[in-house]
Amino acid sequence: MVAETFLPQINGVANTARHVADRLRARGHELLIIAPGPGPDSYGDVPVLRARSFRTPGYKEYPVGLPDPSIERAMADFRPDLVHLASPFIIGAYGLRAARKLGVPTVAIFQTDIAGFARQYPWYAAADRGIWRWVRRTHSRADRTLAPSSASVDALVQGGVPRVHLWGRGVNLDLFDPKHRDEDWRRQISPDGRPIVGYVGRLAAEKKVRRLAELTDLDCRIVIVGDGPDRAALEHALPTATFLGMRRGPDLASIFAGLDVFVHTGEHETFCQTIQEAQASGVATVGPAAGGPLDLIHPGENGLLFEPGRPGSLRDAVKTLLDHPTARGRMAVSGLHRVQSRTWGAVVDDLVDRHYAEVLQEAAAVRRVA
């Protein structure tokens, strides 16, 4: 596995890579992880090769991997049957090149709309078209690309990427569960009993967290969980919101379960895992009518969608849920029901038994013809 980011970083790519690694090892597969450093040189009994890296403006806490000859040497020594490329961009592209040179089939996971994110930062915005061309070139050279939502599949296919398939994301149902609702925490956040509306995620430009300002006149308490470069500016813009910083594990699960409404504000999500975690926690959800949330939220059934380009649309959606607690409760139950089959075990089994297996079969057929 060549991962563009991995532990100790906490983000969607690293978390997905971790769950895939866990399941592969549980099923008895041998695994080598290649990821940017610094970080531990092992994950349990799995060795982790740390490639050279650098820090970028706006994302200094995330090391960006550099092409490193040690990657190809490590692959040649390990002799893998298949290379899994987790959100390939720089070291992932180099890992793809090394795999092709060694004649090893590849599966690339499209997970981050890097070009969309770039447009949110002045020093990267002009490069968005070049970034997209690079992403298209990289994924076009993989034997199979897996995208996490219908919207991202369509975007890749329309952009000229071949061999694209849909592969979603799992959710940890042992961690995220309505039973973790803590009434003491709720009283601490909302002593007067107002409903609690929450956001969980990185506090950065592409997440559009400033949109929560539309909710400040509603009869609710706003809770923001996460950290990032925009935190200070957001605290100034949202003085009545409660900022809880980065939370993980059971603490995060308790916060999710304690919400009345979960809101995701950004439209550049290829999947949006936090919506799925909120649904697993028994919470009605609101998300943008764009990208990954279109697959996760069925309006009126398990939440509501808002139009990112229409001011007040987010406020209207949240107000509807706040004003109709019975409907909100029904949507929360429906969301919980829909995620029950989306365990990480089931999702990674589908990756291995369908996508890996088909790619390996196709590679074997090519070798037989050759």
# chains A, B, ... in the order shown; residues from 1 in each chain; ligands from 1
>>> select_by_dssp(residues="region 42-192 of chain A", states="strand (DSSP E or B)", output="MDAnalysis selection string")
chainID A and resid 42:43 46:51 53:56 59:65 83:86 106:109 144:147 164:166
>>> closest_atom_pairs(of="region 196-298 of chain A", to="region 160-172 of chain A", cutoff="8 Å", atoms="only C-alpha atoms", output="JSON lines")
{"residue": "A:Phe271", "atom": "CA", "partner": "A:Gly168", "partner_atom": "CA", "distance": 7.8}
{"residue": "A:Gln273", "atom": "CA", "partner": "A:Arg169", "partner_atom": "CA", "distance": 7.5}
{"residue": "A:Gln276", "atom": "CA", "partner": "A:Val171", "partner_atom": "CA", "distance": 6.8}
{"residue": "A:Glu277", "atom": "CA", "partner": "A:Val171", "partner_atom": "CA", "distance": 6.4}
{"residue": "A:Ala280", "atom": "CA", "partner": "A:Val171", "partner_atom": "CA", "distance": 7.6}
>>> closest_atom_pairs(of="region 244-305 of chain A", to="region 184-195 of chain A", cutoff="8 Å", atoms="only C-alpha atoms", output="CSV")
residue,atom,partner,partner_atom,distance
A:Gly258,CA,A:Arg186,CA,6.3
A:Leu259,CA,A:Pro195,CA,7.7
A:Asp260,CA,A:Pro195,CA,5.9
A:Val261,CA,A:Pro195,CA,8.0
>>> closest_residue(among="A:Phe262, A:Val200, A:Gln279, A:Ser140", to="Arg248 (chain A)", atoms="only C-alpha atoms")
A:Val200
>>> residues_around(residues="Arg136 (chain A)", least_positions_apart="3", cutoff="9 Å", atoms="only C-alpha atoms", output="ChimeraX atom specification")
/A:131-133,139-141,156,159-161
>>> write_last_selection(atoms="all heavy atoms", output="PDB file, in the first residue's frame")
ATOM      1  N   ILE A 131      -3.287  20.613 -11.756  1.00  0.00           N
ATOM      2  CA  ILE A 131      -3.463  19.544 -10.766  1.00  0.00           C
ATOM      3  C   ILE A 131      -4.427  18.499 -11.304  1.00  0.00           C
ATOM      4  O   ILE A 131      -4.180  17.286 -11.195  1.00  0.00           O
ATOM      5  CB  ILE A 131      -3.971  20.132  -9.438  1.00  0.00           C
ATOM      6  CG1 ILE A 131      -2.853  20.954  -8.768  1.00  0.00           C
ATOM      7  CG2 ILE A 131      -4.460  19.023  -8.504  1.00  0.00           C
ATOM      8  CD1 ILE A 131      -3.318  21.729  -7.557  1.00  0.00           C
ATOM      9  N   TRP A 132      -5.532  18.948 -11.896  1.00  0.00           N
ATOM     10  CA  TRP A 132      -6.503  17.987 -12.413  1.00  0.00           C
ATOM     11  C   TRP A 132      -5.897  17.145 -13.540  1.00  0.00           C
ATOM     12  O   TRP A 132      -6.117  15.937 -13.619  1.00  0.00           O
ATOM     13  CB  TRP A 132      -7.755  18.703 -12.905  1.00  0.00           C
ATOM     14  CG  TRP A 132      -8.628  17.801 -13.726  1.00  0.00           C
ATOM     15  CD1 TRP A 132      -8.924  17.917 -15.036  1.00  0.00           C
ATOM     16  CD2 TRP A 132      -9.275  16.597 -13.283  1.00  0.00           C
ATOM     17  NE1 TRP A 132      -9.721  16.877 -15.451  1.00  0.00           N
ATOM     18  CE2 TRP A 132      -9.957  16.053 -14.392  1.00  0.00           C
ATOM     19  CE3 TRP A 132      -9.346  15.934 -12.065  1.00  0.00           C
ATOM     20  CZ2 TRP A 132     -10.686  14.877 -14.312  1.00  0.00           C
ATOM     21  CZ3 TRP A 132     -10.078  14.752 -11.984  1.00  0.00           C
ATOM     22  CH2 TRP A 132     -10.733  14.239 -13.096  1.00  0.00           C
ATOM     23  N   ARG A 133      -5.104  17.774 -14.428  1.00  0.00           N
ATOM     24  CA  ARG A 133      -4.468  17.010 -15.499  1.00  0.00           C
ATOM     25  C   ARG A 133      -3.543  15.934 -14.928  1.00  0.00           C
ATOM     26  O   ARG A 133      -3.472  14.817 -15.452  1.00  0.00           O
ATOM     27  CB  ARG A 133      -3.694  17.949 -16.432  1.00  0.00           C
ATOM     28  CG  ARG A 133      -4.584  18.774 -17.352  1.00  0.00           C
ATOM     29  CD  ARG A 133      -3.778  19.402 -18.480  1.00  0.00           C
ATOM     30  NE  ARG A 133      -2.824  20.381 -17.982  1.00  0.00           N
ATOM     31  CZ  ARG A 133      -3.079  21.667 -17.831  1.00  0.00           C
ATOM     32  NH1 ARG A 133      -4.272  22.151 -18.143  1.00  0.00           N
ATOM     33  NH2 ARG A 133      -2.146  22.498 -17.382  1.00  0.00           N
ATOM     34  N   HIS A 139      -4.413   8.508 -12.547  1.00  0.00           N
ATOM     35  CA  HIS A 139      -5.455   7.481 -12.439  1.00  0.00           C
ATOM     36  C   HIS A 139      -5.665   6.735 -13.751  1.00  0.00           C
ATOM     37  O   HIS A 139      -6.062   5.559 -13.736  1.00  0.00           O
ATOM     38  CB  HIS A 139      -6.755   8.111 -11.945  1.00  0.00           C
ATOM     39  CG  HIS A 139      -6.767   8.377 -10.476  1.00  0.00           C
ATOM     40  ND1 HIS A 139      -7.142   7.416  -9.557  1.00  0.00           N
ATOM     41  CD2 HIS A 139      -6.411   9.473  -9.762  1.00  0.00           C
ATOM     42  CE1 HIS A 139      -7.030   7.923  -8.340  1.00  0.00           C
ATOM     43  NE2 HIS A 139      -6.593   9.164  -8.429  1.00  0.00           N
ATOM     44  N   SER A 140      -5.399   7.383 -14.863  1.00  0.00           N
ATOM     45  CA  SER A 140      -5.557   6.709 -16.151  1.00  0.00           C
ATOM     46  C   SER A 140      -4.534   5.596 -16.331  1.00  0.00           C
ATOM     47  O   SER A 140      -4.750   4.668 -17.122  1.00  0.00           O
ATOM     48  CB  SER A 140      -5.433   7.721 -17.295  1.00  0.00           C
ATOM     49  OG  SER A 140      -6.495   8.649 -17.260  1.00  0.00           O
ATOM     50  N   ARG A 141      -3.429   5.669 -15.615  1.00  0.00           N
ATOM     51  CA  ARG A 141      -2.377   4.661 -15.735  1.00  0.00           C
ATOM     52  C   ARG A 141      -2.569   3.493 -14.758  1.00  0.00           C
ATOM     53  O   ARG A 141      -1.868   2.490 -14.855  1.00  0.00           O
ATOM     54  CB  ARG A 141      -1.007   5.317 -15.520  1.00  0.00           C
ATOM     55  CG  ARG A 141      -0.632   6.274 -16.646  1.00  0.00           C
ATOM     56  CD  ARG A 141       0.534   7.163 -16.272  1.00  0.00           C
ATOM     57  NE  ARG A 141       1.768   6.424 -16.061  1.00  0.00           N
ATOM     58  CZ  ARG A 141       2.609   6.077 -17.016  1.00  0.00           C
ATOM     59  NH1 ARG A 141       2.335   6.399 -18.279  1.00  0.00           N
ATOM     60  NH2 ARG A 141       3.719   5.423 -16.750  1.00  0.00           N
ATOM     61  N   LEU A 156     -14.860  11.730 -12.718  1.00  0.00           N
ATOM     62  CA  LEU A 156     -13.680  11.083 -13.281  1.00  0.00           C
ATOM     63  C   LEU A 156     -13.948  10.581 -14.696  1.00  0.00           C
ATOM     64  O   LEU A 156     -13.121  10.759 -15.599  1.00  0.00           O
ATOM     65  CB  LEU A 156     -13.239   9.931 -12.382  1.00  0.00           C
ATOM     66  CG  LEU A 156     -12.634  10.316 -11.033  1.00  0.00           C
ATOM     67  CD1 LEU A 156     -12.513   9.092 -10.132  1.00  0.00           C
ATOM     68  CD2 LEU A 156     -11.268  10.981 -11.205  1.00  0.00           C
ATOM     69  N   GLY A 159     -14.150  13.361 -17.048  1.00  0.00           N
ATOM     70  CA  GLY A 159     -12.824  13.947 -17.214  1.00  0.00           C
ATOM     71  C   GLY A 159     -11.865  13.084 -18.013  1.00  0.00           C
ATOM     72  O   GLY A 159     -10.715  13.473 -18.207  1.00  0.00           O
ATOM     73  N   GLY A 160     -12.322  11.902 -18.432  1.00  0.00           N
ATOM     74  CA  GLY A 160     -11.495  11.074 -19.294  1.00  0.00           C
ATOM     75  C   GLY A 160     -10.736   9.963 -18.598  1.00  0.00           C
ATOM     76  O   GLY A 160      -9.883   9.317 -19.216  1.00  0.00           O
ATOM     77  N   VAL A 161     -11.006   9.697 -17.321  1.00  0.00           N
ATOM     78  CA  VAL A 161     -10.324   8.621 -16.612  1.00  0.00           C
ATOM     79  C   VAL A 161     -11.024   7.294 -16.933  1.00  0.00           C
ATOM     80  O   VAL A 161     -12.238   7.180 -16.745  1.00  0.00           O
ATOM     81  CB  VAL A 161     -10.320   8.860 -15.090  1.00  0.00           C
ATOM     82  CG1 VAL A 161      -9.662   7.684 -14.363  1.00  0.00           C
ATOM     83  CG2 VAL A 161      -9.587  10.161 -14.761  1.00  0.00           C
TER      84      VAL A 161
END
>>> closest_residue(among="A:Ala233, A:Pro299, A:Val286, A:Leu173", to="Val339 (chain A)", atoms="only C-alpha atoms")
A:Leu173
>>> closest_residue(among="A:Pro178, A:Gly226, A:Pro36, A:Gly291", to="Gly335 (chain A)", atoms="only C-alpha atoms")
A:Pro178
>>> residues_around(residues="Phe89 (chain A)", least_positions_apart="3", cutoff="8 Å", atoms="only C-alpha atoms", output="PyMOL selection string")
chain A and resi 4+92-93+134-135+138
>>> select_by_dssp(residues="region 220-300 of chain A", states="alpha helix (DSSP H)", output="PyMOL selection string")
chain A and resi 231-237+249-258+273-280+293-296
>>> residues_around(residues="Ile90 (chain A)", least_positions_apart="2", cutoff="7 Å", atoms="only C-alpha atoms", output="list in words")
Gly65, Leu66, Pro67, Pro88, Gly92, Ala93 and Tyr94 of chain A
>>> closest_residue(among="A:Val223, A:Leu24, A:Val2, A:Leu234", to="Tyr356 (chain A)", atoms="only C-alpha atoms")
A:Leu24
>>> closest_residue(among="A:Gln158, A:Ser87, A:Thr343, A:Ser313", to="Thr145 (chain A)", atoms="only C-alpha atoms")
A:Ser87
>>> atom_distance(atom1="CA of Asn302 (chain A)", atom2="CA of Leu212 (chain A)")
20.6 Å
>>> residues_around(residues="Ala232 (chain A)", least_positions_apart="4", cutoff="12 Å", atoms="only C-alpha atoms", output="list in words")
Leu203, Ala204, Arg210, Asp227, Gly228, His236, Ala237, Leu238, Pro239, Phe243 and Gly245 of chain A
